Structures are given as structure tokens and as C-alpha cells.
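Enquirer: What follows is entry07.cif, mmCIF, C-alpha atoms.
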```
data_work
#
loop_
_atom_site.label_atom_id
_atom_site.label_comp_id
_atom_site.auth_asym_id
_atom_site.auth_seq_id
_atom_site.Cartn_x
_atom_site.Cartn_y
_atom_site.Cartn_z
CA MET M 1153 155.17 90.20 -98.09
CA ARG M 1154 151.63 89.46 -98.97
CA VAL M 1155 152.70 88.13 -102.38
CA THR M 1156 155.28 85.84 -100.78
CA ALA M 1157 152.81 84.38 -98.32
CA SER M 1158 150.32 83.60 -101.04
CA ARG M 1159 153.09 82.11 -103.13
CA ILE M 1160 154.09 79.88 -100.24
CA THR M 1161 150.48 78.77 -99.86
CA VAL M 1162 150.16 77.98 -103.58
CA ALA M 1163 153.45 76.08 -103.50
CA GLY M 1164 152.33 74.19 -100.41
CA LEU M 1165 149.06 73.17 -102.04
CA CYS M 1166 150.90 72.00 -105.16
CA ALA M 1167 153.29 69.99 -103.00
CA VAL M 1168 150.33 68.45 -101.20
CA LEU M 1169 148.79 67.55 -104.56
CA GLY M 1170 152.00 65.84 -105.75
CA PHE M 1171 152.36 64.04 -102.44
CA ALA M 1172 148.75 62.83 -102.39
CA GLY M 1173 148.88 61.79 -106.05
CA VAL M 1174 151.98 59.72 -105.47
CA ILE M 1175 150.68 57.91 -102.39
CA GLN M 1176 147.37 57.23 -104.14
CA VAL M 1177 149.18 55.75 -107.16
CA ARG M 1178 151.33 53.70 -104.83
CA SER M 1179 148.46 52.31 -102.81
CA THR M 1180 146.65 51.41 -106.07
CA ALA M 1181 149.73 49.72 -107.46
CA ALA M 1182 150.26 47.86 -104.18
CA GLY M 1183 146.94 46.09 -104.79
CA ASP M 1184 145.27 47.02 -101.50
CA THR M 1185 142.37 48.55 -103.39
CA LEU M 1186 140.06 46.00 -101.76
CA ALA M 1187 140.74 47.58 -98.37
CA ALA M 1188 139.44 50.91 -99.66
CA ALA M 1189 136.54 49.46 -101.67
CA ARG M 1190 132.93 50.06 -100.68
CA PRO M 1191 130.82 47.26 -99.18
CA ASP M 1192 128.58 47.12 -102.27
CA ASP M 1193 131.55 46.65 -104.56
CA LEU M 1194 133.01 44.07 -102.20
CA VAL M 1195 129.75 42.10 -102.28
CA GLN M 1196 129.74 42.17 -106.08
CA ILE M 1197 133.38 41.08 -106.25
CA LEU M 1198 132.66 38.30 -103.77
CA ASP M 1199 129.65 37.16 -105.84
CA GLY M 1200 131.77 37.02 -108.97
CA LEU M 1201 134.46 35.08 -107.20
CA GLN M 1202 131.96 32.59 -105.81
CA ARG M 1203 130.42 32.04 -109.23
CA ARG M 1204 133.87 31.50 -110.67
CA GLU M 1205 134.74 29.10 -107.87
CA ASP M 1206 131.56 27.11 -108.56
CA ASP M 1207 132.41 26.92 -112.24
CA LEU M 1208 135.95 25.82 -111.51
CA ASN M 1209 134.78 23.22 -109.01
CA LYS M 1210 132.43 21.78 -111.60
CA GLU M 1211 135.27 21.70 -114.09
CA VAL M 1212 137.46 19.88 -111.56
CA VAL M 1213 134.79 17.24 -111.05
CA ASP M 1214 134.36 16.77 -114.80
CA LEU M 1215 138.09 16.50 -115.37
CA ARG M 1216 138.46 14.02 -112.49
CA ALA M 1217 135.77 11.82 -114.06
CA THR M 1218 137.52 12.03 -117.42
CA LEU M 1219 140.83 11.13 -115.79
CA ALA M 1220 139.32 8.10 -114.04
CA ARG M 1221 137.72 6.95 -117.30
CA LEU M 1222 140.96 7.33 -119.23
CA ARG M 1223 142.92 5.56 -116.49
CA SER M 1224 140.62 2.55 -116.43
CA SER M 1225 140.57 2.30 -120.21
CA GLY M 1226 144.36 2.65 -120.20
CA VAL M 1227 144.69 -0.27 -117.77
CA SER M 1228 142.36 -2.51 -119.74
CA SER M 1229 144.00 -1.67 -123.04
CA ALA M 1230 147.43 -2.40 -121.51
CA GLU M 1231 146.13 -5.81 -120.41
CA ALA M 1232 144.72 -6.44 -123.86
CA LEU M 1233 148.07 -5.50 -125.38
CA ALA M 1234 149.97 -7.88 -123.08
CA GLU M 1235 147.53 -10.70 -123.88
CA ALA M 1236 147.88 -10.00 -127.60
CA ASN M 1237 151.67 -10.07 -127.24
CA ARG M 1238 151.50 -13.44 -125.45
CA GLN M 1239 149.29 -14.82 -128.20
CA ALA M 1240 151.54 -13.41 -130.91
CA GLU M 1241 154.56 -15.12 -129.32
CA ALA M 1242 152.76 -18.46 -129.04
CA LEU M 1243 151.52 -18.23 -132.62
CA GLY M 1244 154.94 -17.09 -133.79
CA ILE M 1245 156.52 -20.26 -132.39
CA LEU M 1246 153.87 -22.38 -134.10
CA ALA M 1247 154.26 -20.54 -137.40
CA GLY M 1248 158.04 -20.44 -137.16
CA THR M 1249 158.33 -16.65 -137.35
CA VAL M 1250 160.18 -16.21 -134.04
CA PRO M 1251 163.24 -18.04 -132.66
CA ALA M 1252 162.55 -20.67 -130.03
CA ALA M 1253 164.67 -22.14 -127.23
CA GLY M 1254 164.14 -24.78 -124.58
CA THR M 1255 164.73 -28.40 -123.68
CA GLY M 1256 164.74 -30.87 -126.56
CA VAL M 1257 166.76 -33.21 -128.70
CA ALA M 1258 169.36 -32.81 -131.43
CA ILE M 1259 169.21 -35.68 -133.93
CA THR M 1260 171.79 -36.49 -136.58
CA ILE M 1261 170.97 -38.95 -139.35
CA THR M 1262 173.79 -40.11 -141.57
CA ASP M 1263 173.13 -41.55 -145.00
CA PRO M 1264 176.32 -43.05 -146.49
CA GLN M 1265 174.40 -45.05 -149.10
CA ARG M 1266 172.16 -42.17 -150.12
CA ARG M 1267 169.11 -44.32 -149.50
CA VAL M 1268 167.30 -42.32 -146.84
CA PRO M 1269 164.06 -41.15 -148.48
CA PRO M 1270 162.21 -37.89 -147.78
CA GLU M 1271 159.41 -39.91 -146.22
CA LEU M 1272 161.78 -40.93 -143.43
CA LEU M 1273 162.49 -37.36 -142.44
CA LEU M 1274 158.76 -36.65 -142.62
CA ASP M 1275 158.15 -39.66 -140.39
CA ALA M 1276 160.74 -38.41 -137.95
CA VAL M 1277 159.10 -34.98 -137.77
CA GLU M 1278 155.62 -36.51 -137.39
CA GLU M 1279 156.89 -38.85 -134.70
CA LEU M 1280 158.44 -35.97 -132.81
CA ARG M 1281 155.27 -33.93 -133.18
CA ASN M 1282 153.20 -36.81 -131.84
CA ALA M 1283 155.57 -36.95 -128.88
CA GLY M 1284 154.76 -33.35 -128.09
CA ALA M 1285 157.56 -31.45 -129.81
CA GLU M 1286 156.64 -27.79 -130.35
CA ALA M 1287 159.28 -26.42 -132.72
CA PHE M 1288 161.46 -28.07 -135.35
CA GLN M 1289 164.40 -27.28 -137.52
CA VAL M 1290 165.74 -29.61 -140.20
CA GLY M 1291 169.09 -28.53 -141.57
CA ASP M 1292 168.77 -24.76 -141.80
CA VAL M 1293 165.04 -24.82 -142.42
CA ARG M 1294 162.40 -24.17 -139.82
CA ILE M 1295 159.44 -26.54 -140.04
CA GLY M 1296 156.11 -24.75 -140.33
CA VAL M 1297 152.52 -25.72 -141.00
CA ASP M 1298 153.11 -25.84 -144.75
CA SER M 1299 156.55 -27.53 -144.81
CA ALA M 1300 156.99 -30.24 -147.42
CA PHE M 1301 159.70 -32.80 -148.01
CA SER M 1302 160.25 -33.70 -151.64
CA GLY M 1303 162.94 -35.11 -153.89
CA GLY M 1304 164.34 -38.62 -153.60
CA GLY M 1305 166.87 -40.68 -151.63
CA GLY M 1306 170.10 -38.79 -151.19
CA SER M 1307 168.71 -35.56 -152.64
CA ILE M 1308 166.00 -34.49 -150.26
CA VAL M 1309 164.49 -31.06 -150.75
CA LEU M 1310 162.68 -29.30 -147.90
CA ASP M 1311 160.59 -26.28 -148.84
CA GLY M 1312 162.74 -25.76 -151.90
CA VAL M 1313 166.04 -26.01 -150.01
CA ALA M 1314 168.27 -28.98 -150.83
CA LEU M 1315 169.35 -30.89 -147.73
CA THR M 1316 172.69 -32.72 -147.53
CA ALA M 1317 173.53 -35.66 -145.32
CA PRO M 1318 174.13 -35.92 -142.47
CA TYR M 1319 170.72 -34.52 -141.71
CA GLY M 1320 170.41 -32.59 -138.49
CA ILE M 1321 167.05 -32.29 -136.78
CA LEU M 1322 166.45 -30.01 -133.80
CA ALA M 1323 163.22 -30.39 -131.85
CA ILE M 1324 162.02 -28.64 -128.71
CA GLY M 1325 159.95 -30.70 -126.31
CA ASP M 1326 160.38 -33.11 -123.41
CA PRO M 1327 163.81 -34.72 -124.20
CA PRO M 1328 163.20 -38.30 -122.89
CA THR M 1329 159.80 -38.48 -124.55
CA LEU M 1330 161.15 -37.28 -127.87
CA ALA M 1331 164.10 -39.69 -127.74
CA ALA M 1332 161.81 -42.59 -126.89
CA ALA M 1333 159.42 -41.72 -129.72
CA LEU M 1334 162.17 -42.14 -132.30
CA ALA M 1335 163.45 -45.38 -130.81
CA ILE M 1336 160.23 -47.38 -130.81
CA PRO M 1337 160.51 -50.75 -132.64
CA GLY M 1338 159.70 -50.34 -136.32
CA GLY M 1339 160.07 -46.58 -135.95
CA VAL M 1340 162.41 -44.05 -137.35
CA LEU M 1341 165.56 -45.56 -135.88
CA ASP M 1342 164.87 -49.00 -137.40
CA THR M 1343 164.05 -47.45 -140.78
CA VAL M 1344 167.30 -45.48 -140.80
CA ARG M 1345 169.25 -48.64 -140.00
CA ARG M 1346 167.53 -50.53 -142.80
CA ALA M 1347 168.55 -47.77 -145.18
CA GLY M 1348 172.15 -48.25 -144.08
CA GLY M 1349 172.41 -45.09 -142.07
CA THR M 1350 172.90 -44.23 -138.41
CA MET M 1351 170.95 -41.99 -136.12
CA GLY M 1352 172.37 -40.18 -133.10
CA THR M 1353 170.09 -38.59 -130.54
CA VAL M 1354 171.40 -36.07 -128.04
CA GLN M 1355 169.07 -34.91 -125.28
CA SER M 1356 169.78 -31.33 -124.30
CA GLN M 1357 168.45 -28.84 -121.77
CA GLN M 1358 169.21 -26.00 -124.12
CA ILE M 1359 168.15 -26.37 -127.73
CA ARG M 1360 168.04 -23.17 -129.69
CA ILE M 1361 166.14 -22.94 -133.00
CA ASP M 1362 167.20 -19.85 -134.87
CA ALA M 1363 165.92 -20.57 -138.37
CA LEU M 1364 162.85 -18.53 -139.24
CA ARG M 1365 160.06 -18.81 -141.76
CA PRO M 1366 158.80 -15.69 -143.49
CA SER M 1367 155.40 -14.77 -142.16
CA ARG M 1368 152.74 -15.18 -144.81
CA LYS M 1369 149.75 -12.97 -145.28
CA PRO M 1370 146.67 -14.95 -146.22
CA THR M 1371 145.51 -14.10 -149.73
CA TYR M 1372 141.94 -15.36 -149.49
CA ALA M 1373 141.20 -16.23 -145.90
CA ARG M 1374 140.08 -13.45 -143.58
CA PRO M 1375 139.35 -13.74 -139.89
CA ALA M 1376 135.65 -14.33 -139.44
CA GLY M 1377 133.96 -12.27 -136.79
CA GLY M 1378 133.07 -13.87 -133.47
CA MET V 127 157.48 78.16 -111.76
CA TYR V 128 157.85 77.76 -108.01
CA ALA V 129 154.49 75.90 -108.06
CA ALA V 130 155.93 73.35 -110.48
CA PHE V 131 159.00 72.98 -108.22
CA ALA V 132 156.74 72.46 -105.24
CA LEU V 133 154.80 69.80 -107.17
CA VAL V 134 158.02 67.95 -107.97
CA ILE V 135 159.16 68.23 -104.34
CA GLY V 136 155.81 66.77 -103.20
CA VAL V 137 156.21 63.86 -105.61
CA VAL V 138 159.76 63.20 -104.44
CA VAL V 139 158.75 63.36 -100.77
CA GLY V 140 155.91 60.91 -101.46
CA LEU V 141 158.31 58.57 -103.26
CA PHE V 142 160.82 58.59 -100.41
CA LEU V 143 158.50 58.49 -97.40
CA HIS V 144 156.35 55.49 -98.43
CA PRO V 145 153.36 56.70 -96.47
CA THR V 146 150.30 54.52 -96.13
CA VAL V 147 146.85 55.94 -96.75
CA PRO V 148 144.77 56.03 -93.56
CA GLN V 149 141.69 53.85 -93.72
CA TRP V 150 139.17 56.68 -93.29
CA LEU V 151 140.84 58.69 -96.06
CA ALA V 152 141.16 55.90 -98.60
CA PRO V 153 137.80 56.36 -100.42
CA TYR V 154 138.22 60.14 -100.70
CA LEU V 155 141.85 60.48 -101.66
CA PRO V 156 141.48 59.64 -105.38
CA ILE V 157 138.57 62.06 -105.76
CA ALA V 158 140.41 64.73 -103.81
CA VAL V 159 143.46 64.34 -106.05
CA ILE V 160 141.35 64.75 -109.18
CA ALA V 161 139.60 67.80 -107.71
CA ALA V 162 142.99 69.33 -106.87
CA LEU V 163 144.19 68.57 -110.40
CA ASP V 164 141.18 70.45 -111.71
CA ALA V 165 142.07 73.43 -109.53
CA VAL V 166 145.70 73.34 -110.68
CA PHE V 167 144.73 73.24 -114.34
CA GLY V 168 142.32 76.11 -113.74
CA GLY V 169 145.10 78.09 -112.06
CA LEU V 170 147.47 77.39 -114.92
CA ARG V 171 144.90 78.59 -117.42
CA ALA V 172 144.27 81.74 -115.36
CA ARG V 173 147.97 82.43 -115.23
CA LEU V 174 148.25 82.16 -118.98
CA ASP V 175 145.26 84.47 -119.24
CA HIS V 176 147.13 86.86 -116.91
CA ILE V 177 144.23 86.86 -114.48
CA PHE V 178 145.87 84.53 -111.91
CA ASN V 179 145.06 85.34 -108.35
CA ALA V 180 146.67 83.38 -105.54
CA LYS V 181 143.71 83.86 -103.25
CA VAL V 182 141.28 82.57 -105.85
CA PHE V 183 143.53 79.62 -106.51
CA VAL V 184 143.89 78.65 -102.86
CA ILE V 185 140.19 78.96 -102.19
CA SER V 186 139.21 77.05 -105.33
CA PHE V 187 141.74 74.34 -104.55
CA VAL V 188 140.54 73.80 -101.00
CA ALA V 189 136.89 74.14 -101.93
CA ASN V 190 137.24 71.68 -104.81
CA VAL V 191 138.86 69.08 -102.59
CA VAL V 192 136.41 69.54 -99.75
CA VAL V 193 133.32 69.52 -101.96
CA ALA V 194 134.49 66.48 -103.91
CA ALA V 195 135.24 64.57 -100.71
CA PHE V 196 131.93 65.68 -99.24
CA ILE V 197 129.97 64.51 -102.28
CA VAL V 198 131.61 61.12 -102.09
CA PHE V 199 130.99 60.98 -98.35
CA LEU V 200 127.35 61.89 -98.91
CA GLY V 201 127.05 59.26 -101.63
CA ASP V 202 128.49 56.64 -99.31
CA GLN V 203 125.97 57.59 -96.64
CA LEU V 204 123.12 57.40 -99.16
CA GLY V 205 124.27 54.09 -100.62
CA VAL V 206 125.15 55.53 -104.04
CA GLY V 207 128.82 56.13 -103.30
CA SER V 208 130.28 54.47 -106.37
CA GLN V 209 127.81 56.17 -108.72
CA LEU V 210 128.35 59.61 -107.17
CA SER V 211 132.12 59.32 -107.22
CA MET V 212 131.87 58.32 -110.86
CA ALA V 213 129.75 61.42 -111.50
CA VAL V 214 132.32 63.61 -109.73
CA VAL V 215 135.14 62.07 -111.76
CA VAL V 216 133.24 62.66 -115.01
CA VAL V 217 132.48 66.29 -114.21
CA LEU V 218 136.00 67.04 -113.04
CA GLY V 219 137.38 65.21 -116.06
CA ILE V 220 135.33 67.41 -118.40
CA ARG V 221 136.54 70.54 -116.60
CA ILE V 222 140.15 69.37 -116.79
CA PHE V 223 139.74 68.73 -120.51
CA GLY V 224 138.27 72.20 -121.01
CA ASN V 225 141.09 73.86 -119.09
CA ALA V 226 143.66 71.74 -120.90
CA ALA V 227 142.17 72.82 -124.23
CA ALA V 228 142.40 76.50 -123.22
CA ILE V 229 146.01 76.02 -122.10
CA ARG V 230 146.77 74.27 -125.39
CA ARG V 231 145.37 77.21 -127.35
CA HIS V 232 147.57 79.56 -125.36
CA ILE V 233 150.74 77.56 -125.84
CA PHE V 234 150.34 76.29 -129.39
CA LYS V 235 147.99 79.02 -130.63
CA ALA V 236 145.82 76.28 -132.05
#
```
Is it possible to give me this structure as C-alpha cells?

Expert:
Amino acid sequence: MRVTASRITVAGLCAVLGFAGVIQVRSTAAGDTLAAARPDDLVQILDGLQRREDDLNKEVVDLRATLARLRSSGVSSAEALAEANRQAEALGILAGTVPAAGTGVAITITDPQRRVPPELLLDAVEELRNAGAEAFQVGDVRIGVDSAFSGGGGSIVLDGVALTAPYGILAIGDPPTLAAALAIPGGVLDTVRRAGGTMGTVQSQQIRIDALRPSRKPTYARPAGG
Amino acid sequence: MYAAFALVIGVVVGLFLHPTVPQWLAPYLPIAVIAALDAVFGGLRARLDHIFNAKVFVISFVANVVVAAFIVFLGDQLGVGSQLSMAVVVVLGIRIFGNAAAIRRHIFKA
């Protein structure tokens, strides 16, 4: 009997040990260790957390400043890009590297006697340019800053491309002004008539110039600073 | 053998009951568990040495737990609670290792 009682006691103690071990493991795993921690430890933990919070707050401030800087530089660089695009378009129209469309005139010069000289087409282009035309196309050739008419009457060559009558000229500008510029006495129209040809001028709200010039890279000239 | 069964039963009961540790007991429970583990290992060693005595085991078990809890309590009152409980854990850990080594020699003869 005595042996049994002591056995029961030993078994009970072992059961208590298993029970206590399990609930201790559970309460540790549940993460409520702070509730059982001592005040000293809590103070140390709190100190560490406050230091970490300070560090993180400083980091937040730094990152905010960086973000603001990047945002402002992003805005200004976007503006610079848009301005550069606008300039590139304007210069592209001048240089003939992009298509152009707008109001203008379509001119047709016939030359049945093959007596219209290259100078006449040059005059016509100059006259149109004086009248404010911004983009030109003669035949299938876009007029650029270095365009040149050559050849002779009836076999005009523009930038190395042979033109055939009737010559078609497209110009973008103010249509009445352009038409009037060609019709002045002693101007292009009179010269064409003297050469035995005819000139038709059609004012249009929608002239489209599709011919392009290859863009040229300067060999010697470089942009000078300033 | 029955002690091992009782240990398993205690574990199972703890798993199924989901008890919460009372606030006043929370600082002492881990130390008490380690002290009880020390007593159990000591008992196991004694049994293998054929000198196991239930009375000695019960008294050493209870005394271990009470003394360990008391030392921690004292340390808390003196403001060195964490250091003292660490000291108790170290000492009990050494004892457990010693008992485990003796048990190992009995079982594996090495």
C-alpha cells in the first residue's frame, strides 16, 4: 500500500511537470512573454524600441527629402523634354526632316515649249518664302536650306533629282498672301507666260507635304557653348 | 514506466485544456519547470543505479521547485531577478547535463 501511494505521488508530480512544461511552452509561443517580463527588462526593451523609432523617423525624413528633390527634378526635366520636343519639331519642319501640313497653295506650272528655266522655279520658291511660306515641296523633293536648282530649260534638276513638267509646287503658309506673291506684275506668273507656259494656283486649307530630306550631321560645325 | 505515462498524460492534458498562466506565477513557472526537470533526471539516474527512493524523489522534486522559485522571488525583490534566474538556470542546466551523462553511461555503457 505504501509503495502504491508513493508511486501515485511520483506519477502525479511527473504529470504536473508535463502539464507545467506544456503551458509554459504555449505561453512563450503565444508571444505574451512581455506580460511576464520584469520591469527592468521592460525598460530596456522600451529603450531599444525608442532608439529604433528615432532612427526610423530620421530615415523617413531623409527619404521624404529625397523624394521631394527627385519629384521636383522630374518635373523640371519633363518640362525641358517637352520644350526640346517642340524645338525639334519646329527645326524639323525648317530642315525638312518631318512631314508638314496646314493651309497653303498648290501650284502647277506647265512648260509645253520646254523653256522654263531653273531660275524661274528658284524665283517662285524665293517669292513664296518672302511671302511667309514655311515648308515647300517641288515635285517629289522637299526644299531645305541647301536645296539647289540646276540644269537647263526643260531639264531642271533639283538636288540631283530630275524634274518633269508640269512642275508641281506645294507651299504651306497663308494662302491668299502666297497666291498674291506669285501674281505680282513682273513676277513669277508673268515670267511663266513669257516662257510659253501656264501657271495654276489652288489655295487650299489642307496642304500636306510628305516628302522628307535626310537629316544631315554636321561634319565640321559643332554647337558652341552659351 | 508509470512515471513516463503520467508525464505523457500531463502533456496531453496541458495540450487539451489550453490553460493560461496566472500573472503571479508567470516569472517562476519556467524556473520551476527546469528545477522539476532536474529532479526527474536525478530520479531516473537513481533508478538506473537501483537506489531509487520515492520519498527522496518527491522531496527533492518539491524542494527543487520551491527553492528555485524562492531564489527567483528573492532576486526580484532585490532587483537582480534576471541575473539570479540566469544563475539558477545555469546551475540546474549543469546538474541536468551531469545526470544525463550518468544515464547515458548506464544505457549505452559509454

Enquirer: Determine which residues of chain M sit within 8 Å of chain V, taking into account only C-alpha atoms, and present them as a PyMOL selection string.

Expert: chain M and resi 1158-1159+1161-1176+1179+1187-1190

Enquirer: What separation in Å, quoted to one decimal, exists between atom CA of M:Gly1304 and atom CA of M:Thr1350?

Expert: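 Result for atom CA of M:Gly1304 versus atom CA of M:Thr1350: 18.3 Å, one decimal.
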
Enquirer: How many Å lie between atom CA of V:Ile233 and atom CA of V:Arg221, rounded to one decimal?

Expert: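 Pair atom CA of V:Ile233 / atom CA of V:Arg221 returns 18.3 Å.
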
Enquirer: Between M:Arg1238, M:Leu1322, M:Ser1307, M:Asp1263, which has the minimum distance to M:Val1277 (counting all atoms listed in the file)?

Expert: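 Smallest separation from M:Val1277 among the options: M:Leu1322.
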
Enquirer: Can you measure atom CA of V:Leu170 to atom CA of V:Ile229 for me? One decimal in Å is fine.

Expert: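 Separation between atom CA of V:Leu170 and atom CA of V:Ile229: 7.5 Å.
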
Enquirer: Neighbours of M:Ala1252 within 8 Å (all atoms listed in the file; same-chain residues fewer than 2 positions away dropped), as a PyMOL selection string?

Expert: chain M and resi 1245+1250+1254+1287+1360-1362

Enquirer: Using the chain letters and numbers from this file, what does the PyMOL selection byres ((chain V and resi 213-219) around 8) select? Give the answer as a list in words.

Expert: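 Checking the PyMOL selection byres ((chain V and resi 213-219) around 8) against this file, the residues are Ile157, Ile160, Ala161, Asp164, Ala194, Ile197, Gln209, Leu210, Ser211, Met212, Ile220, Arg221, Ile222 and Phe223 of chain V.
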
Enquirer: First collect every listed atom of stretch 1319-1328 of chain M; then fit an axis-aligned box around them, widen it by 4 Å on each side, and give centre and edge lengths in Å to one decimal, as AutoDock Vina command-line options.

Expert:
```
--center_x 165.3 --center_y -33.5 --center_z -132.3 --size_x 18.8 --size_y 17.7 --size_z 26.8
```

Enquirer: Do you know which residues the PyMOL selection byres ((chain M and resi 1296-1301) around 8) returns on this file, as an MDAnalysis selection string?

Expert: chainID M and resid 1246:1248 1270:1271 1273:1274 1294:1295 1302:1303 1308:1311 1365

Enquirer: Just say which residues the PyMOL selection byres ((chain M and resi 1256) around 8) picks in this file, as a ChimeraX atom specification.

Expert: /M:1254-1255,1257-1258,1285,1322-1327,1330,1355-1359
